[in-house]
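Right, one structure below, let's go through it.
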Amino acid sequence: MTVFDYVTAMDHPALLRDFPIGPDYPGALKTLSRDALRARQDADFRKLLAFAWKVPFYQRLWGAKGIEPGDIKGLDDLPKLPAYDKSDLMASVAAHPPIGDFHGQDAHPPERRPQIIMQTTSGTTGTPQPLLFGPKSREVQNRLLARMYLMAGMNRDDVVHSVYGHGMINGGHYVRETVTHWVGARFLSAGTGVETRSAQQVFVMKQFGATAIVGFADYIKRLAEVAREEGLEPGRDLPIRLICAHLGSESQASLSAAWGGAAVYDWYGVGDTGLIAGEGPDRTGMHVMEDAHALEIADPDTGLPVPEGTLGDMVCTCLFKDDIFPIIRFNTHDVTEEVLGANPLGIPFRRIKGFLGRSDNMVKLRGINLFPTGIGALLVEQCEAATGDFICRVGRTDGRDSMVVHLEVRGDADAALQARLEAALRTRLGVEIAVALSAPGSLAALTQVESRQKPIRLIDDRR
């Protein structure tokens with residue numbers, strides 16, 4: 001009798017065939033037409049849909065809308081299904097503790113039942129959400145991230161310093177598996193500033209010869225500051241050549257400059273889905289991994305698809321997650337827009353601009369929709385002295401909403417700089433926003449940049 005272990009369940013030969021990486025990417029996909037890609041997506045979706053109908057969470061979600069098996073014929077019918085988000089998953093956990101009823105382990109015959117690989121979200125906004133994977137879905141995610149890392153230039157000779165969180169949090173483990181399983185580089189699992197003190201991290205990088213950094217750009221930028229405080233010059237004493245990060249408010253130029261000219265690549269994904277899109281050497285936006293995902297960009301209010309080139313929520317269907325937790329129309333509430341035009345890599349994948357903000361963290365100020373990350377990016381772009389750390393604070397005085405952006409800057413914080421930055425916000429955003437300049441490190445307690453995977457960028461005192 002064949003043992004149904006992790007390797008058997010992941011179907012290693014199919015992984016290599018269906019999700020090319022390294023020297024095979026993007027070349028193996030250049031002969032794939034848009035029509036052929038759609039046919040592959042549709043076949044994968046039908047298999048995913050059949051599995052999802054065996055999962056109580058989807059039976060309940062779809063049944064509540066009067067949808068029955070057979071109503072959804074294929075991928076063209078995808079928008080007919082209701083989207084869901086993290087709040088629905090947490091409600092499932094509350095009703096069916098400890099891991100909810102959105103997994104389909106029991107849908108498999110006992111002798112072919114995949115194990116559940118479990119991590120969680122960070123829980124920084126409440127109770128941590130269980131993140132459930134089977135061997136196949138876990139390793140497809142890992143290969144897709146490896147695809148992006150290898151395309152960015154990471155290789156087996158690199159020493160990769162990771163500032164993703166570990167413990168129960170998915171990020172650090174996901175990235176470690178990617179680098180060790182599919183890239184082959186040496187991996188330094190430093191974690192956040194709470195797991196390994198920032199000053200210690202820069203000495204670890206020096207001691208073990210780190211050549212690449214992966215993590216969230218806010219903290220990677222902070223590490224460059226700490227290195228200089230400790231007498232180590234990024235780019236000379238710490239010869240980092242590659243940074244693969246979630247940029248957020250940081251620009252590629254400012255992060256590269258902070259680390260002595262390192263090449264910087266951005267990518268997008270969430271804990272549930274893994275990597276959805278990543279930058280290539282063409283630098284023309286993020287390539288959506290459409291051999292693995294069907295990504296919709298939807299209006300936050302109506303849930304309907306937006307016109308091309310329009311901002312909207314990313315709603316993701318993971319076409320490969322047919323082993324434990326099927327993901328069909330998961331609304332990330334992260335906002336992006338599509339990049340128009342033919343893909344310069346010669347593959348049939350769409351491109352997006354990446355993470356532009358969160359629709360559930362959007363602030364409407366006197367009729368203008370504002371995203372805190374966008375405000376921060378604008379200020380950092382306008383101010384060479386900015387460290388990159390900032391926080392937006394919204395309040396109400398005499399019935400009128402107002403916002404103050406607190407921005408860390410090096411050197412003297414004079415009134416002229418403050419006025420120039422306020423004028424830049426007024427010109428670019430069309431609304432009055434006050435700017436308050438702060439000393440380096442002074443906002444860390446508010447933003448929690450050294451302890452959180454994603455720093456706090458908005459405090460709404462109206463709530």
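Residues are referred to by chain and number: the chain letter is A, B, ... according to the order shown in the structure tokens, the number counts from 1 in that chain, and ligands are numbered separately from 1 in the order shown.
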
Practice task
Quick one: everything within 12 Å of Pro130 in chain A, counting only C-alpha atoms, minus sequence neighbours fewer than 3 positions away in the same chain. Send it as a ChimeraX atom specification.
Solution key: /A:86,89-94,97-103,116-123,127,133,168-170,271-272,325

Output of the above residues as a PDB file, in the first residue's frame, restricted to C-alpha atoms:
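result-v3.pdb, written as the output of this step:
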```pdb
ATOM      1  CA  LYS A  86     -12.105  37.733   6.524  1.00  0.00           C
ATOM      2  CA  LEU A  89     -14.103  33.281   7.901  1.00  0.00           C
ATOM      3  CA  MET A  90     -13.913  34.526  11.485  1.00  0.00           C
ATOM      4  CA  ALA A  91     -17.661  33.969  11.878  1.00  0.00           C
ATOM      5  CA  SER A  92     -17.074  30.388  10.715  1.00  0.00           C
ATOM      6  CA  VAL A  93     -14.353  29.960  13.344  1.00  0.00           C
ATOM      7  CA  ALA A  94     -16.634  31.356  16.058  1.00  0.00           C
ATOM      8  CA  PRO A  97     -14.129  26.270  16.716  1.00  0.00           C
ATOM      9  CA  PRO A  98     -11.233  25.992  16.589  1.00  0.00           C
ATOM     10  CA  ILE A  99     -10.591  26.139  12.802  1.00  0.00           C
ATOM     11  CA  GLY A 100     -14.023  26.789  11.274  1.00  0.00           C
ATOM     12  CA  ASP A 101     -15.884  24.779   8.656  1.00  0.00           C
ATOM     13  CA  PHE A 102     -14.192  26.215   5.563  1.00  0.00           C
ATOM     14  CA  HIS A 103     -11.788  23.293   5.145  1.00  0.00           C
ATOM     15  CA  ILE A 116      -3.752  20.237   7.215  1.00  0.00           C
ATOM     16  CA  ILE A 117      -0.806  22.615   7.407  1.00  0.00           C
ATOM     17  CA  MET A 118      -1.889  25.396   9.745  1.00  0.00           C
ATOM     18  CA  GLN A 119      -0.588  28.887  10.372  1.00  0.00           C
ATOM     19  CA  THR A 120      -2.470  32.066  11.319  1.00  0.00           C
ATOM     20  CA  THR A 121      -2.673  35.731  10.478  1.00  0.00           C
ATOM     21  CA  SER A 122      -0.865  38.106  12.809  1.00  0.00           C
ATOM     22  CA  GLY A 123      -4.018  38.930  14.769  1.00  0.00           C
ATOM     23  CA  THR A 127      -8.290  37.254  16.950  1.00  0.00           C
ATOM     24  CA  PHE A 133      -3.272  24.562   3.520  1.00  0.00           C
ATOM     25  CA  MET A 168       2.137  31.177  14.423  1.00  0.00           C
ATOM     26  CA  ILE A 169       2.234  33.853  11.710  1.00  0.00           C
ATOM     27  CA  ASN A 170       2.274  32.447   8.189  1.00  0.00           C
ATOM     28  CA  GLY A 271      -1.880  35.003   3.855  1.00  0.00           C
ATOM     29  CA  ASP A 272      -4.834  33.032   2.483  1.00  0.00           C
ATOM     30  CA  PHE A 325      -9.320  25.131   1.705  1.00  0.00           C
TER      31      PHE A 325
END
```

Considering only C-alpha atoms, give me a table of residues in range 174-283 of chain A that are at most 12 Å from range 10-34 of chain A, with the closest atom pair and distance in Å for each, as a tab-separated table.
```
residue	atom	partner	partner_atom	distance
A:Thr178	CA	A:Ile21	CA	11.7
A:His181	CA	A:His12	CA	11.9
A:Trp182	CA	A:Ile21	CA	8.7
A:Val183	CA	A:Gly22	CA	8.5
A:Gly184	CA	A:Gly22	CA	11.5
A:Gly280	CA	A:Pro26	CA	10.1
A:Pro281	CA	A:Pro26	CA	11.5
```

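Between Ser402 in chain A and the residues A:His333, A:Thr284, A:Asp291, A:Asp460, the shortest atom-to-atom distance, using only C-alpha atoms, involves A:Asp460.
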
Handout entry: Best match for closeness to Ala39 in chain A among A:Ile352, A:Leu75, A:Ala9, A:Ile67, counting only C-alpha atoms
Key =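 Checking each of A:Ile352, A:Leu75, A:Ala9, A:Ile67 against Ala39 in chain A, counting only C-alpha atoms, the winner is A:Leu75.
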
Practice task
Please run DSSP on the backbone and report, as a ChimeraX atom specification, all residues within range 236-354 of chain A that come out as strand (DSSP E or B).
Solution key: /A:238,242-246,263-270,274-279,286-288,293-298,305,312-318,327-336,338-339,351-352

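In this structure, CA of Gly388 in chain A sits 22.5 Å away from CA of Gly278 in chain A.
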
Handout entry: Secondary structure check, alpha helix (DSSP H) residues of range 25-261 of chain A, as number ranges by chain
Key = A: 34-52, 56-63, 86-95, 135-152, 170-178, 198-208, 217-229, 252-258

Any chance you could export the current selection's C-alpha atoms as a compact mmCIF listing (two decimals), in the first residue's frame?
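And here is the file that came out, part35.txt:
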```
# COMPACT_ATOMS: atom_id res chain seq x y z
CA ARG A 34 -4.97 34.06 -23.96
CA ASP A 35 -7.69 31.67 -25.14
CA ALA A 36 -5.66 28.62 -24.11
CA LEU A 37 -5.00 30.18 -20.71
CA ARG A 38 -8.72 30.79 -20.26
CA ALA A 39 -9.46 27.15 -21.13
CA ARG A 40 -6.93 26.00 -18.53
CA GLN A 41 -8.40 28.34 -15.92
CA ASP A 42 -11.92 27.12 -16.69
CA ALA A 43 -10.93 23.46 -16.32
CA ASP A 44 -9.19 24.17 -13.01
CA PHE A 45 -12.16 26.22 -11.80
CA ARG A 46 -14.63 23.41 -12.51
CA LYS A 47 -12.53 21.02 -10.44
CA LEU A 48 -12.24 23.60 -7.66
CA LEU A 49 -16.00 24.28 -7.74
CA ALA A 50 -16.85 20.58 -7.42
CA PHE A 51 -14.63 20.35 -4.34
CA ALA A 52 -16.04 23.55 -2.81
CA PRO A 56 -19.97 23.33 4.61
CA PHE A 57 -18.81 26.97 4.46
CA TYR A 58 -19.58 27.23 0.74
CA GLN A 59 -22.77 25.22 0.98
CA ARG A 60 -24.01 27.78 3.49
CA LEU A 61 -22.62 30.87 1.70
CA TRP A 62 -24.01 29.94 -1.71
CA GLY A 63 -27.21 28.38 -0.44
CA LYS A 86 -12.11 37.73 6.52
CA SER A 87 -15.16 38.57 8.65
CA ASP A 88 -17.02 35.59 7.13
CA LEU A 89 -14.10 33.28 7.90
CA MET A 90 -13.91 34.53 11.49
CA ALA A 91 -17.66 33.97 11.88
CA SER A 92 -17.07 30.39 10.71
CA VAL A 93 -14.35 29.96 13.34
CA ALA A 94 -16.63 31.36 16.06
CA ALA A 95 -19.46 28.99 15.09
CA PRO A 135 0.49 19.86 0.72
CA LYS A 136 -0.40 20.69 -2.88
CA SER A 137 -1.76 24.19 -2.21
CA ARG A 138 1.18 24.96 0.09
CA GLU A 139 3.81 23.97 -2.44
CA VAL A 140 2.09 25.68 -5.39
CA GLN A 141 2.15 28.90 -3.36
CA ASN A 142 5.82 28.31 -2.56
CA ARG A 143 6.68 27.74 -6.23
CA LEU A 144 4.84 30.88 -7.33
CA LEU A 145 6.80 32.99 -4.85
CA ALA A 146 10.01 31.27 -5.95
CA ARG A 147 9.07 32.17 -9.53
CA MET A 148 9.06 35.83 -8.55
CA TYR A 149 12.25 35.64 -6.45
CA LEU A 150 14.16 33.87 -9.22
CA MET A 151 12.85 36.32 -11.83
CA ALA A 152 14.14 39.16 -9.62
CA ASN A 170 2.27 32.45 8.19
CA GLY A 171 4.60 34.92 6.48
CA GLY A 172 7.99 33.83 7.79
CA HIS A 173 7.29 30.12 7.36
CA TYR A 174 5.88 30.56 3.86
CA VAL A 175 8.92 32.52 2.71
CA ARG A 176 11.37 30.16 4.44
CA GLU A 177 9.81 27.17 2.66
CA THR A 178 9.97 29.01 -0.66
CA SER A 198 17.00 45.53 15.19
CA ALA A 199 20.58 46.23 16.28
CA GLN A 200 21.21 42.50 16.53
CA GLN A 201 19.72 41.96 13.07
CA VAL A 202 22.27 44.18 11.35
CA PHE A 203 25.11 42.33 13.11
CA VAL A 204 23.61 38.99 12.04
CA MET A 205 23.55 40.28 8.47
CA LYS A 206 27.19 41.31 8.78
CA GLN A 207 28.29 38.06 10.43
CA PHE A 208 26.64 35.71 7.92
CA ALA A 217 9.61 47.74 3.18
CA ASP A 218 8.77 49.90 6.20
CA TYR A 219 10.93 47.79 8.49
CA ILE A 220 13.62 47.11 5.89
CA LYS A 221 14.02 50.89 5.58
CA ARG A 222 14.20 51.14 9.38
CA LEU A 223 17.00 48.53 9.42
CA ALA A 224 19.11 50.74 7.16
CA GLU A 225 18.75 53.53 9.72
CA VAL A 226 19.72 51.17 12.54
CA ALA A 227 22.74 49.94 10.60
CA ARG A 228 24.08 53.47 10.27
CA GLU A 229 23.42 54.11 13.97
CA GLN A 252 11.65 51.66 -4.89
CA ALA A 253 14.06 54.56 -5.31
CA SER A 254 14.11 55.54 -1.64
CA LEU A 255 14.47 51.94 -0.41
CA SER A 256 17.23 51.26 -2.93
CA ALA A 257 19.08 54.42 -1.88
CA ALA A 258 18.80 53.48 1.80
```

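Distances from A:Leu131, A:Ile347, A:Ala439, A:Val179 to Val160 in chain A were compared using only C-alpha atoms, and the smallest one belongs to A:Val179.
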
Practice task
List the neighbours of Gly285 in chain A out to 10 Å using only C-alpha atoms; skip same-chain residues closer than 2 positions along the sequence, and give me the result as a count of residues only.
Solution key: 20

Exercise for the section: Please indicate the distance in Å from CA of Leu295 in chain A to CA of Arg329 in chain A, rounded to one decimal place. Expected result: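 Here the two named atoms are 8.5 Å from each other.
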
Practice task
Please indicate the distance in Å from CA of His166 in chain A to CA of Glu195 in chain A, rounded to one decimal place.
Solution key: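 It comes out at 8.2 Å.
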
Practice task
Using only C-alpha atoms, pick whichever of A:Arg358, A:Asn369, A:Gly70, A:Arg462 has the shortest atom-to-atom distance to Gly395 in chain A.
Solution key: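 Among A:Arg358, A:Asn369, A:Gly70, A:Arg462, it is A:Arg462 that comes nearest to Gly395 in chain A.
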
Problem - Best match for closeness to Phe216 in chain A among A:Arg197, A:Lys73, A:His293, A:His246, counting only C-alpha atoms - result: A:His246

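You can rank A:Leu188, A:Met154, A:Ala434, A:Ile391 by their closest distance to Arg241 in chain A using only C-alpha atoms, and at the top of that list sits A:Met154.
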
Problem - 12 Å contact set for Ser442 in chain A, only C-alpha atoms, chain neighbours under 6 positions out, as a ChimeraX atom specification - result: /A:387,389-391,406-410,448-449

Exercise for the section: Show which residues sit within 10 Å of His108 in chain A, as a PyMOL selection string. Count only C-alpha atoms, and ignore same-chain residues fewer than 2 positions away. Expected result: chain A and resi 51+54+104-106+110-114+323-324
